Amino acid sequence: MIYREAGDFKTSYQSDAQTFPIKLDRIGYFITLFVAVLVVPFVINDYMANAILMPFLIYAIAALGLNILTGYCGQVSLGTGGFMAVGAFACYKLMTAFPDVSILIHVLLSGVVTAIVGVLFGLPSLRIKGFYLAVATLAAQFFLVWLFNKVPWFYNNSASGMINAPERTVFGFAVTGPGASAAAQYLICLAFVIVLALIARNLTRGAFGRRWMAIRDMDIAAEIIGVNPLKAKLTAFAVSSFYIGIAGALFFAVYLGAAEAGDAFGITKSFLVLFMVIIGGLGSIFGSFAGAAFLVVLPVVLKVVGADWMGWPDDLVAHLQLIIVGALIMAFLILEPHGLAQLWRVTKEKLRLWPFPH
Amino acid sequence: MKKFLATALATALLAGPVAAELKFPSLDYRTGPFAAGGIPFADGYSDYLTLLNERDGGIGGELISNPTCETAYNTEKGVECYEALKEDALVFQPLSTGITYQIIPKASVDQIPIHSMGYGRTSAANGKVFEWVFNYPTNYWNGASIGVKHMLDLNGGDLNGKKVVLLHFNGAYGKEPIPTLEALSAKHGFEFSTLPIDFPGQEQKSQWLKIRRDKPDYVLFWGWGVMNQVAVQEAANIRFPMENFIGIWWSGSENDVLPAGEGANGYKALQFHNVGSDYPVFDDIQKYVVDAGKAAGAGDQVGTVLYNRGVYAAMLAAEAALTAQKIHGTSKITGAMMRDGMEALEITEERMAELGLPNFGPAFSISCENHGGRGPAAISQWDASSKSWSLVTDFVDPDEEVVNALIEADSAAFAAENNIAERCN
């Protein structure tokens, strides 16, 4: 009744091809944007920013990146943690080498560096597929973390191998370092998320996205109709790594402030982002956000409910968390293999027909 | 949905306990691969604070609250826990070098001191640069130099041509001693090499294969949690002479050696406090806390090495709070006042005896310049037949010449990176 296309007339190709063809979706999108940009920064506190919002936004960027590679182009990658580490360490080196250049430029450059590294490690994808490619990217994960542990140049020869983000400002507001306010940190992550999500959405709808999806669905057929697999796969690796690199740079510089390669960017990170993509929905922009929100917010909610409200012991809650998150992942894979995005799509279909289903 | 959760969270946080007490938060870990180390320490820390509440009515008449948060030795969870507990907190003791590094920059902004007792950033011992961070009574670099001193003693003062391997956790914690050991190797002429173990360290076959092949004279060990048990077991498997295998104080608890049984006999570890349960304070803990059913854990850890360390950490925190109360003439202290108390902390042997811990740890005093204490440590050895640790040396002072120069250099680098001007002038 309320949620429908009827009456929403499209008078140009542009309006017909827009991201949200249904009016209610558009309104919802702009309300979300409005709340995120103009309301949240005024009510945010340190705990909300550090425990929920920043990790959610940063993981959403990483999930977008991995979704481009795995969801749209069909190349399974377990190297996400390693690529995030590339972004983080590139950002650290740039921040300390050129302290006068804006942090925004450093973050973007970290993405570019990661894209180059991603393309290098994407080269084997031309020969190997599926599980074998996953193993090859796993090698990237271990190699990169080992590299950042082994070569002291990457962490400016500090005794412990930790990298620390010095204070950097954007428009006079500190966004990294201890003096940064929660709102400034949140807004900087949000700005990256909005721009990157918009780019991702439009890339995947355009010629690039079609090529990636053609490769994903059947690479031989794609080749026959004229898609160059070399170009398609490597662009997917490049764009995906660019996103993941930016996520890594923000993760280190804005969110954590200090990081070490093995602890912050280990194999668990790769799996976490992969789970986000799978639970959220492969090949869906909304899914990347939903998956990130699910895996970031759920543990915090379980902790607050279990430890703070119910007063259960910490260790019991921590174990319950593992059990519940694990069980939910399995339940999702069995009941809705296409993830939260598919649930959302089904809901929307139902809404369109409501209250007169066939 | 998200907004609902956010509001739910906000109310949960607002509805927290009213902060009329002295708040000593614990970032502990009772889960994950390092739980074997985390549980006894967390028990000791909480039990001592409970004892103060039950026996003395808190510190200076103020009751103590001890909210806990599970970090699982994970830095991201550590950040979340820090944010959740930081309001009105007096001191943070995260028991993780990674999390310590994480919150060092925040400490000065939030005005909450950090006490990383025998871990964390070693150069924090330099109070001129690190105003809010303390790592008394000792640190890794002191530990490394005391380990080398012990080797020197065993070899008549000459380590020329000896091979020493550092087997370490491949992370901030395990890498800390490397610069010190490199400097000491140059000074004493021993061959030094490192063997990293990746988190969590349940698989160390390749490292021990290398040790078996290279036959080093000594293996120094910086491990934690499950890594320790595996290393001791592997050392026993290749019949490495246990008395030449020396762990840091985080690799020397009962949990680390018991699984290897007889094979662990003779394994050595550094300690910066005494071992055993033969102290009056443990009788009080038994009476007021464990028997009263108020123990933080199962109550089965009393008197173990890491439990003692938790008690020691809580005791030092309580003493600092008491000092702060005296300085500021108020019983309701804040984090900033607590910092002043920590900086004026003086632990004498008489005071330790009064507290029911005679000869438990060294006497030391903290000043504006020196946040690290004197730094002595002793070597302890495991006796598998009686299942007990015992100190085999006296408390030895570290090689200050080497360590202090490194602390100066590292803290100067931190000061330059973060534009910090030296204090205490």
# chains A, B, ... in the order shown; residues from 1 in each chain; ligands from 1

call {"tool": "interface_residues", "arguments": {"of": "chain A", "to": "chain B", "cutoff": "8 Å", "atoms": "only C-alpha atoms", "output": "PDB file with N, CA and C atoms, in the first residue's frame"}}
result
ATOM      1  N   ASP A  46      31.989   8.908  23.550  1.00  0.00           N
ATOM      2  CA  ASP A  46      33.181   8.119  23.258  1.00  0.00           C
ATOM      3  C   ASP A  46      32.863   6.640  23.123  1.00  0.00           C
ATOM      4  N   TYR A  47      31.966   6.172  24.017  1.00  0.00           N
ATOM      5  CA  TYR A  47      31.705   4.740  23.982  1.00  0.00           C
ATOM      6  C   TYR A  47      30.996   4.338  22.695  1.00  0.00           C
ATOM      7  N   MET A  48      29.958   5.111  22.322  1.00  0.00           N
ATOM      8  CA  MET A  48      29.237   4.797  21.081  1.00  0.00           C
ATOM      9  C   MET A  48      30.173   4.831  19.892  1.00  0.00           C
ATOM     10  N   ASN A  50      33.580   4.544  19.796  1.00  0.00           N
ATOM     11  CA  ASN A  50      34.663   3.568  19.775  1.00  0.00           C
ATOM     12  C   ASN A  50      34.189   2.128  19.793  1.00  0.00           C
ATOM     13  N   ALA A  51      33.051   1.873  20.400  1.00  0.00           N
ATOM     14  CA  ALA A  51      32.617   0.489  20.496  1.00  0.00           C
ATOM     15  C   ALA A  51      31.732   0.094  19.334  1.00  0.00           C
ATOM     16  N   ASN A 149      56.096  -7.483  10.351  1.00  0.00           N
ATOM     17  CA  ASN A 149      56.732  -7.824  11.613  1.00  0.00           C
ATOM     18  C   ASN A 149      58.237  -7.847  11.472  1.00  0.00           C
ATOM     19  N   SER A 158      60.691   1.039  15.875  1.00  0.00           N
ATOM     20  CA  SER A 158      60.293   1.123  17.279  1.00  0.00           C
ATOM     21  C   SER A 158      60.566  -0.220  17.947  1.00  0.00           C
ATOM     22  N   ALA A 159      60.789  -0.185  19.262  1.00  0.00           N
ATOM     23  CA  ALA A 159      61.250  -1.384  19.961  1.00  0.00           C
ATOM     24  C   ALA A 159      60.252  -2.523  19.871  1.00  0.00           C
ATOM     25  N   SER A 160      58.977  -2.194  19.856  1.00  0.00           N
ATOM     26  CA  SER A 160      57.982  -3.244  20.001  1.00  0.00           C
ATOM     27  C   SER A 160      57.309  -3.612  18.691  1.00  0.00           C
ATOM     28  N   GLY A 161      57.593  -2.901  17.604  1.00  0.00           N
ATOM     29  CA  GLY A 161      56.906  -3.198  16.355  1.00  0.00           C
ATOM     30  C   GLY A 161      55.517  -2.597  16.289  1.00  0.00           C
ATOM     31  N   MET A 162      55.170  -1.780  17.289  1.00  0.00           N
ATOM     32  CA  MET A 162      53.866  -1.122  17.255  1.00  0.00           C
ATOM     33  C   MET A 162      53.977   0.151  16.429  1.00  0.00           C
ATOM     34  N   PRO A 166      50.261   9.664  15.093  1.00  0.00           N
ATOM     35  CA  PRO A 166      50.388  10.996  15.684  1.00  0.00           C
ATOM     36  C   PRO A 166      49.144  11.824  15.388  1.00  0.00           C
ATOM     37  N   GLU A 167      49.037  12.973  16.038  1.00  0.00           N
ATOM     38  CA  GLU A 167      47.822  13.774  15.857  1.00  0.00           C
ATOM     39  C   GLU A 167      47.833  14.478  14.506  1.00  0.00           C
ATOM     40  N   GLY A 177      45.004  10.524  16.761  1.00  0.00           N
ATOM     41  CA  GLY A 177      45.678  10.854  18.011  1.00  0.00           C
ATOM     42  C   GLY A 177      44.689  10.952  19.148  1.00  0.00           C
ATOM     43  N   PRO A 178      45.195  11.041  20.379  1.00  0.00           N
ATOM     44  CA  PRO A 178      44.315  10.981  21.549  1.00  0.00           C
ATOM     45  C   PRO A 178      43.412  12.197  21.697  1.00  0.00           C
ATOM     46  N   GLY A 179      43.794  13.349  21.117  1.00  0.00           N
ATOM     47  CA  GLY A 179      42.997  14.545  21.317  1.00  0.00           C
ATOM     48  C   GLY A 179      41.773  14.631  20.425  1.00  0.00           C
ATOM     49  N   LEU A 256      41.944   2.759  16.042  1.00  0.00           N
ATOM     50  CA  LEU A 256      42.780   2.175  17.081  1.00  0.00           C
ATOM     51  C   LEU A 256      43.823   3.160  17.607  1.00  0.00           C
ATOM     52  N   GLY A 257      44.467   3.903  16.710  1.00  0.00           N
ATOM     53  CA  GLY A 257      45.497   4.835  17.157  1.00  0.00           C
ATOM     54  C   GLY A 257      46.851   4.185  17.342  1.00  0.00           C
ATOM     55  N   ALA A 258      46.864   2.901  17.610  1.00  0.00           N
ATOM     56  CA  ALA A 258      48.118   2.157  17.695  1.00  0.00           C
ATOM     57  C   ALA A 258      47.796   0.740  17.264  1.00  0.00           C
ATOM     58  N   ALA A 259      48.706   0.126  16.533  1.00  0.00           N
ATOM     59  CA  ALA A 259      48.402  -1.218  16.063  1.00  0.00           C
ATOM     60  C   ALA A 259      49.691  -1.973  15.846  1.00  0.00           C
ATOM     61  N   GLU A 260      49.593  -3.284  15.885  1.00  0.00           N
ATOM     62  CA  GLU A 260      50.707  -4.111  15.449  1.00  0.00           C
ATOM     63  C   GLU A 260      50.171  -5.109  14.439  1.00  0.00           C
ATOM     64  N   ALA A 261      51.066  -5.517  13.536  1.00  0.00           N
ATOM     65  CA  ALA A 261      50.594  -6.280  12.379  1.00  0.00           C
ATOM     66  C   ALA A 261      49.895  -7.571  12.778  1.00  0.00           C
ATOM     67  N   GLY A 262      50.527  -8.350  13.649  1.00  0.00           N
ATOM     68  CA  GLY A 262      49.995  -9.681  13.928  1.00  0.00           C
ATOM     69  C   GLY A 262      48.677  -9.645  14.686  1.00  0.00           C
ATOM     70  N   ASP A 263      48.559  -8.699  15.583  1.00  0.00           N
ATOM     71  CA  ASP A 263      47.397  -8.681  16.459  1.00  0.00           C
ATOM     72  C   ASP A 263      46.194  -8.032  15.781  1.00  0.00           C
ATOM     73  N   ALA A 264      46.414  -6.895  15.122  1.00  0.00           N
ATOM     74  CA  ALA A 264      45.284  -6.161  14.570  1.00  0.00           C
ATOM     75  C   ALA A 264      44.884  -6.679  13.193  1.00  0.00           C
ATOM     76  N   VAL A 301      26.021  -5.871  21.948  1.00  0.00           N
ATOM     77  CA  VAL A 301      24.685  -5.991  22.539  1.00  0.00           C
ATOM     78  C   VAL A 301      24.649  -7.180  23.491  1.00  0.00           C
ATOM     79  N   VAL A 304      26.407  -6.211  26.631  1.00  0.00           N
ATOM     80  CA  VAL A 304      25.655  -5.291  27.482  1.00  0.00           C
ATOM     81  C   VAL A 304      24.503  -6.029  28.167  1.00  0.00           C
ATOM     82  N   ASP A 308      26.128  -6.507  31.713  1.00  0.00           N
ATOM     83  CA  ASP A 308      25.705  -5.302  32.431  1.00  0.00           C
ATOM     84  C   ASP A 308      24.281  -5.389  32.968  1.00  0.00           C
ATOM     85  N   TRP A 309      23.389  -6.007  32.187  1.00  0.00           N
ATOM     86  CA  TRP A 309      21.998  -6.085  32.653  1.00  0.00           C
ATOM     87  C   TRP A 309      21.767  -7.297  33.528  1.00  0.00           C
ATOM     88  N   ASP A 314      31.846 -12.291  33.376  1.00  0.00           N
ATOM     89  CA  ASP A 314      32.405 -11.907  32.078  1.00  0.00           C
ATOM     90  C   ASP A 314      32.746 -13.092  31.185  1.00  0.00           C
ATOM     91  N   ASP A 315      33.365 -14.105  31.810  1.00  0.00           N
ATOM     92  CA  ASP A 315      33.850 -15.202  30.959  1.00  0.00           C
ATOM     93  C   ASP A 315      32.681 -15.986  30.385  1.00  0.00           C
ATOM     94  N   ALA A 318      31.405 -14.017  27.523  1.00  0.00           N
ATOM     95  CA  ALA A 318      32.297 -14.099  26.371  1.00  0.00           C
ATOM     96  C   ALA A 318      32.122 -15.426  25.638  1.00  0.00           C
ATOM     97  N   HIS A 319      31.953 -16.501  26.427  1.00  0.00           N
ATOM     98  CA  HIS A 319      31.758 -17.802  25.782  1.00  0.00           C
ATOM     99  C   HIS A 319      30.397 -17.872  25.106  1.00  0.00           C
TER     100      HIS A 319
END

call {"tool": "select_by_dssp", "arguments": {"residues": "region 69-227 of chain A", "states": "strand (DSSP E)", "output": "compact mmCIF listing (two decimals) with N, CA and C atoms, in the first residue's frame"}}
result
# COMPACT_ATOMS: atom_id res chain seq x y z
N ILE A 163 52.90 0.52 15.75
CA ILE A 163 52.87 1.82 15.09
C ILE A 163 51.85 2.69 15.82
N ASN A 164 52.18 3.96 16.00
CA ASN A 164 51.30 4.89 16.72
C ASN A 164 50.92 6.02 15.79
N THR A 169 45.11 16.79 11.75
CA THR A 169 43.84 17.51 11.78
C THR A 169 43.25 17.62 10.38
N VAL A 170 41.93 17.77 10.35
CA VAL A 170 41.21 18.09 9.13
C VAL A 170 40.38 19.33 9.44
N PHE A 173 40.25 20.36 13.04
CA PHE A 173 39.79 19.41 14.05
C PHE A 173 40.69 18.19 14.04
N ALA A 174 41.16 17.79 15.22
CA ALA A 174 41.99 16.59 15.29
C ALA A 174 41.14 15.37 14.96

call {"tool": "residues_around", "arguments": {"residues": "Ala235 (chain B)", "least_positions_apart": "5", "cutoff": "10 Å", "atoms": "only C-alpha atoms", "output": "mmCIF file with N, CA and C atoms, in the first residue's frame"}}
result
data_model
loop_
_atom_site.group_PDB
_atom_site.id
_atom_site.type_symbol
_atom_site.label_atom_id
_atom_site.label_comp_id
_atom_site.auth_asym_id
_atom_site.auth_seq_id
_atom_site.Cartn_x
_atom_site.Cartn_y
_atom_site.Cartn_z
ATOM 1 N N TRP B 208 61.453 -25.261 17.784
ATOM 2 C CA TRP B 208 62.249 -26.161 18.631
ATOM 3 C C TRP B 208 63.144 -27.065 17.805
ATOM 4 N N LEU B 209 62.739 -27.317 16.578
ATOM 5 C CA LEU B 209 63.627 -28.058 15.672
ATOM 6 C C LEU B 209 64.889 -27.244 15.435
ATOM 7 N N ILE B 211 66.101 -25.000 17.438
ATOM 8 C CA ILE B 211 66.894 -24.976 18.669
ATOM 9 C C ILE B 211 67.686 -26.274 18.797
ATOM 10 N N ARG B 212 67.039 -27.391 18.420
ATOM 11 C CA ARG B 212 67.741 -28.668 18.528
ATOM 12 C C ARG B 212 68.938 -28.705 17.582
ATOM 13 N N VAL B 219 68.385 -20.438 26.231
ATOM 14 C CA VAL B 219 67.190 -19.943 25.556
ATOM 15 C C VAL B 219 66.464 -19.020 26.522
ATOM 16 N N GLN B 229 53.055 -23.258 27.966
ATOM 17 C CA GLN B 229 52.925 -24.700 28.203
ATOM 18 C C GLN B 229 53.504 -25.475 27.046
ATOM 19 N N VAL B 230 53.232 -24.992 25.840
ATOM 20 C CA VAL B 230 53.732 -25.690 24.659
ATOM 21 C C VAL B 230 55.254 -25.630 24.629
ATOM 22 N N PHE B 240 66.056 -30.509 25.989
ATOM 23 C CA PHE B 240 66.882 -29.325 26.161
ATOM 24 C C PHE B 240 67.171 -29.189 27.657
ATOM 25 N N PRO B 241 68.425 -28.912 28.032
ATOM 26 C CA PRO B 241 68.716 -28.779 29.478
ATOM 27 C C PRO B 241 67.887 -27.664 30.099
ATOM 28 N N MET B 242 66.955 -28.065 30.974
ATOM 29 C CA MET B 242 65.950 -27.123 31.471
ATOM 30 C C MET B 242 66.556 -25.960 32.237
ATOM 31 N N PHE B 245 67.069 -22.896 30.223
ATOM 32 C CA PHE B 245 65.873 -22.357 29.581
ATOM 33 C C PHE B 245 65.245 -21.389 30.590
ATOM 34 N N ALA B 260 53.860 -30.368 31.547
ATOM 35 C CA ALA B 260 55.011 -31.134 31.088
ATOM 36 C C ALA B 260 55.490 -32.140 32.130
ATOM 37 N N GLY B 263 59.264 -33.585 33.086
ATOM 38 C CA GLY B 263 60.126 -32.985 32.076
ATOM 39 C C GLY B 263 60.418 -31.522 32.325
ATOM 40 N N ALA B 264 59.546 -30.873 33.071
ATOM 41 C CA ALA B 264 59.725 -29.437 33.282
ATOM 42 C C ALA B 264 60.674 -29.149 34.434
ATOM 43 N N TYR B 267 63.274 -25.946 35.058
ATOM 44 C CA TYR B 267 62.981 -24.766 34.243
ATOM 45 C C TYR B 267 63.059 -23.516 35.114
#

call {"tool": "atom_distance", "arguments": {"atom1": "CA of Leu391 (chain B)", "atom2": "CA of Ala378 (chain B)"}}
result
6.6 Å

call {"tool": "closest_atom_pairs", "arguments": {"of": "region 234-351 of chain A", "to": "region 80-88 of chain A", "cutoff": "6 Å", "atoms": "only C-alpha atoms", "output": "tab-separated table"}}
result
residue	atom	partner	partner_atom	distance
A:Ile244	CA	A:Met84	CA	5.6
A:Gly245	CA	A:Gly87	CA	4.0
A:Gly248	CA	A:Met84	CA	3.9
A:Ala249	CA	A:Ala88	CA	4.1
A:Phe252	CA	A:Ala88	CA	5.5
A:Phe265	CA	A:Gly81	CA	4.6
A:Gly266	CA	A:Gly81	CA	5.8
A:Lys269	CA	A:Gly81	CA	5.1
A:Ser270	CA	A:Gly81	CA	4.6

call {"tool": "write_last_selection", "arguments": {"atoms": "C-alpha atoms", "output": "mmCIF file, in the first residue's frame"}}
result
data_model
loop_
_atom_site.group_PDB
_atom_site.id
_atom_site.type_symbol
_atom_site.label_atom_id
_atom_site.label_comp_id
_atom_site.auth_asym_id
_atom_site.auth_seq_id
_atom_site.Cartn_x
_atom_site.Cartn_y
_atom_site.Cartn_z
ATOM 1 C CA ILE A 244 40.333 -2.475 1.993
ATOM 2 C CA GLY A 245 43.453 -0.317 2.153
ATOM 3 C CA GLY A 248 42.984 -0.464 7.085
ATOM 4 C CA ALA A 249 44.299 3.094 7.156
ATOM 5 C CA PHE A 252 44.747 2.116 12.407
ATOM 6 C CA PHE A 265 45.517 -7.611 11.073
ATOM 7 C CA GLY A 266 45.804 -11.344 11.625
ATOM 8 C CA LYS A 269 40.408 -10.235 10.558
ATOM 9 C CA SER A 270 40.259 -11.834 7.114
#

call {"tool": "residues_around", "arguments": {"residues": "region 7-22 of chain A", "least_positions_apart": "2", "cutoff": "12 Å", "atoms": "only C-alpha atoms", "output": "NGL selection string"}}
result
:A and (1-5 or 24-30 or 197-206 or 285-286 or 348-349 or 351-352)

call {"tool": "residues_around", "arguments": {"residues": "Ala186 (chain B)", "least_positions_apart": "4", "cutoff": "12 Å", "atoms": "only C-alpha atoms", "output": "ChimeraX atom specification"}}
result
/B:159-161,179-182,190-192,402

call {"tool": "write_last_selection", "arguments": {"atoms": "N, CA and C atoms", "output": "CSV table (one decimal), in the first residue's frame"}}
result
chain,number,residue,atom,x,y,z
B,159,LEU,N,80.7,-14.5,28.8
B,159,LEU,CA,79.8,-15.1,27.9
B,159,LEU,C,80.3,-15.2,26.5
B,160,ASN,N,81.6,-14.9,26.3
B,160,ASN,CA,82.2,-14.8,25.0
B,160,ASN,C,81.9,-16.1,24.2
B,161,GLY,N,81.4,-16.0,23.0
B,161,GLY,CA,81.2,-17.1,22.2
B,161,GLY,C,80.0,-18.0,22.5
B,179,PRO,N,66.0,-5.0,21.5
B,179,PRO,CA,67.1,-4.0,21.5
B,179,PRO,C,68.0,-4.1,22.7
B,180,THR,N,67.5,-4.4,23.9
B,180,THR,CA,68.3,-4.6,25.1
B,180,THR,C,69.3,-5.8,24.9
B,181,LEU,N,68.7,-6.9,24.4
B,181,LEU,CA,69.6,-8.1,24.3
B,181,LEU,C,70.6,-7.9,23.2
B,182,GLU,N,70.3,-7.1,22.2
B,182,GLU,CA,71.3,-6.8,21.2
B,182,GLU,C,72.4,-5.9,21.8
B,190,PHE,N,78.3,-12.3,23.5
B,190,PHE,CA,77.6,-13.6,23.1
B,190,PHE,C,76.9,-13.4,21.8
B,191,GLU,N,76.7,-14.6,21.2
B,191,GLU,CA,76.0,-14.6,19.9
B,191,GLU,C,74.5,-14.5,20.2
B,192,PHE,N,73.7,-13.6,19.6
B,192,PHE,CA,72.3,-13.5,19.9
B,192,PHE,C,71.5,-13.6,18.7
B,402,VAL,N,73.1,-0.1,30.5
B,402,VAL,CA,72.6,-0.4,29.2
B,402,VAL,C,71.1,0.0,29.1

call {"tool": "closest_residue", "arguments": {"among": "B:Gly335, B:Gly61, B:Pro25, B:Gly247", "to": "Tyr45 (chain B)", "atoms": "only C-alpha atoms"}}
result
B:Pro25

call {"tool": "atom_distance", "arguments": {"atom1": "CA of Phe142 (chain A)", "atom2": "CA of Ala36 (chain B)"}}
result
26.5 Å

call {"tool": "atom_distance", "arguments": {"atom1": "CA of Val273 (chain A)", "atom2": "CA of Ala307 (chain A)"}}
result
26.0 Å

call {"tool": "select_by_dssp", "arguments": {"residues": "region 33-84 of chain B", "states": "alpha helix (DSSP H)", "output": "NGL selection string"}}
result
:B and (35-51 or 75-84)

call {"tool": "residues_around", "arguments": {"residues": "region 63-68 of chain A", "least_positions_apart": "6", "cutoff": "7 Å", "atoms": "only C-alpha atoms", "output": "PyMOL selection string"}}
result
chain A and resi 236+240-241+243-244+273+276-277+282-283+285+288+292

call {"tool": "closest_residue", "arguments": {"among": "A:Leu94, A:Ala140, A:Val101, A:Val227", "to": "Pro124 (chain A)", "atoms": "only C-alpha atoms"}}
result
A:Ala140

call {"tool": "residues_around", "arguments": {"residues": "Lys233 (chain A)", "least_positions_apart": "6", "cutoff": "12 Å", "atoms": "only C-alpha atoms", "output": "ChimeraX atom specification"}}
result
/A:68-70,72-76,118-129,208-209,211-216,219,222-223,227,239-240

call {"tool": "write_last_selection", "arguments": {"atoms": "N, CA and C atoms", "output": "short mmCIF file (atom, residue, chain, number, x, y, z; two decimals), in the first residue's frame"}}
result
data_model
loop_
_atom_site.label_atom_id
_atom_site.label_comp_id
_atom_site.auth_asym_id
_atom_site.auth_seq_id
_atom_site.Cartn_x
_atom_site.Cartn_y
_atom_site.Cartn_z
N ILE A 68 33.17 -6.49 -3.49
CA ILE A 68 33.47 -6.24 -4.90
C ILE A 68 34.26 -7.41 -5.47
N LEU A 69 35.23 -7.87 -4.71
CA LEU A 69 36.08 -8.95 -5.21
C LEU A 69 35.37 -10.30 -5.17
N THR A 70 34.79 -10.62 -4.02
CA THR A 70 34.20 -11.95 -3.84
C THR A 70 32.76 -11.99 -4.32
N TYR A 72 31.00 -9.72 -6.28
CA TYR A 72 30.73 -9.32 -7.66
C TYR A 72 31.61 -10.04 -8.67
N CYS A 73 32.89 -10.25 -8.31
CA CYS A 73 33.78 -10.84 -9.30
C CYS A 73 34.03 -12.32 -9.04
N GLY A 74 33.55 -12.84 -7.90
CA GLY A 74 33.65 -14.27 -7.67
C GLY A 74 35.02 -14.78 -7.29
N GLN A 75 35.93 -13.90 -6.91
CA GLN A 75 37.27 -14.34 -6.54
C GLN A 75 37.35 -14.38 -5.01
N VAL A 76 37.41 -15.60 -4.45
CA VAL A 76 37.43 -15.72 -3.00
C VAL A 76 38.78 -15.24 -2.46
N GLY A 118 47.50 -5.29 -4.05
CA GLY A 118 46.40 -6.21 -4.35
C GLY A 118 46.49 -6.75 -5.76
N VAL A 119 46.84 -5.90 -6.69
CA VAL A 119 46.97 -6.36 -8.08
C VAL A 119 48.08 -7.40 -8.19
N LEU A 120 49.18 -7.14 -7.49
CA LEU A 120 50.29 -8.10 -7.51
C LEU A 120 49.84 -9.47 -7.03
N PHE A 121 49.12 -9.46 -5.89
CA PHE A 121 48.68 -10.74 -5.36
C PHE A 121 47.47 -11.28 -6.11
N GLY A 122 46.87 -10.44 -6.95
CA GLY A 122 45.75 -10.90 -7.76
C GLY A 122 46.20 -11.62 -9.01
N LEU A 123 47.46 -11.44 -9.38
CA LEU A 123 47.94 -12.07 -10.61
C LEU A 123 47.69 -13.59 -10.67
N PRO A 124 47.91 -14.32 -9.58
CA PRO A 124 47.66 -15.76 -9.67
C PRO A 124 46.22 -16.09 -10.00
N SER A 125 45.28 -15.14 -9.76
CA SER A 125 43.87 -15.45 -10.00
C SER A 125 43.61 -15.73 -11.47
N LEU A 126 44.55 -15.35 -12.34
CA LEU A 126 44.34 -15.63 -13.76
C LEU A 126 44.51 -17.11 -14.05
N ARG A 127 45.24 -17.80 -13.20
CA ARG A 127 45.49 -19.22 -13.42
C ARG A 127 44.70 -20.12 -12.49
N ILE A 128 44.43 -19.64 -11.30
CA ILE A 128 43.80 -20.53 -10.34
C ILE A 128 42.47 -19.95 -9.86
N LYS A 129 41.58 -20.86 -9.45
CA LYS A 129 40.23 -20.44 -9.09
C LYS A 129 39.79 -21.06 -7.78
N PHE A 208 31.97 -1.89 -15.62
CA PHE A 208 32.92 -2.67 -14.82
C PHE A 208 32.20 -3.77 -14.06
N GLY A 209 31.14 -3.38 -13.39
CA GLY A 209 30.40 -4.33 -12.58
C GLY A 209 29.86 -5.47 -13.42
N ARG A 211 31.11 -6.61 -16.18
CA ARG A 211 32.23 -7.50 -16.53
C ARG A 211 32.58 -8.40 -15.36
N TRP A 212 32.63 -7.80 -14.16
CA TRP A 212 32.96 -8.61 -12.99
C TRP A 212 31.93 -9.72 -12.81
N MET A 213 30.67 -9.36 -12.94
CA MET A 213 29.63 -10.37 -12.70
C MET A 213 29.65 -11.43 -13.77
N ALA A 214 30.00 -11.03 -15.00
CA ALA A 214 30.10 -12.01 -16.07
C ALA A 214 31.20 -13.02 -15.73
N ILE A 215 32.32 -12.50 -15.24
CA ILE A 215 33.42 -13.39 -14.86
C ILE A 215 32.99 -14.30 -13.71
N ARG A 216 32.26 -13.73 -12.76
CA ARG A 216 31.82 -14.51 -11.62
C ARG A 216 30.90 -15.65 -12.06
N ASP A 219 33.31 -17.76 -16.30
CA ASP A 219 34.40 -17.00 -16.89
C ASP A 219 34.62 -17.33 -18.37
N ALA A 222 32.11 -15.53 -20.38
CA ALA A 222 32.43 -14.11 -20.36
C ALA A 222 33.53 -13.81 -21.36
N GLU A 223 34.51 -14.69 -21.41
CA GLU A 223 35.62 -14.49 -22.33
C GLU A 223 35.12 -14.54 -23.77
N VAL A 227 34.71 -10.29 -22.76
CA VAL A 227 35.23 -9.70 -21.53
C VAL A 227 36.66 -10.17 -21.35
N VAL A 239 40.34 -2.42 -7.26
CA VAL A 239 39.30 -1.63 -6.58
C VAL A 239 39.05 -2.18 -5.18
N SER A 240 38.96 -3.49 -5.09
CA SER A 240 38.71 -4.12 -3.80
C SER A 240 39.83 -3.78 -2.82
#

call {"tool": "decode", "arguments": {"residues": "region 336-340 of chain A", "atoms": "N, CA and C atoms", "output": "mmCIF file, in the first residue's frame"}}
result
data_model
loop_
_atom_site.group_PDB
_atom_site.id
_atom_site.type_symbol
_atom_site.label_atom_id
_atom_site.label_comp_id
_atom_site.auth_asym_id
_atom_site.auth_seq_id
_atom_site.Cartn_x
_atom_site.Cartn_y
_atom_site.Cartn_z
ATOM 1 N N GLU A 336 19.233 -18.896 5.087
ATOM 2 C CA GLU A 336 19.233 -17.829 4.098
ATOM 3 C C GLU A 336 20.644 -17.645 3.540
ATOM 4 N N PRO A 337 21.029 -18.532 2.623
ATOM 5 C CA PRO A 337 22.409 -18.503 2.134
ATOM 6 C C PRO A 337 22.746 -17.191 1.432
ATOM 7 N N HIS A 338 21.752 -16.441 1.015
ATOM 8 C CA HIS A 338 22.066 -15.190 0.331
ATOM 9 C C HIS A 338 22.155 -14.012 1.277
ATOM 10 N N GLY A 339 22.068 -14.304 2.552
ATOM 11 C CA GLY A 339 22.396 -13.282 3.523
ATOM 12 C C GLY A 339 21.273 -12.321 3.880
ATOM 13 N N LEU A 340 21.636 -11.378 4.706
ATOM 14 C CA LEU A 340 20.677 -10.383 5.184
ATOM 15 C C LEU A 340 20.101 -9.565 4.036
#
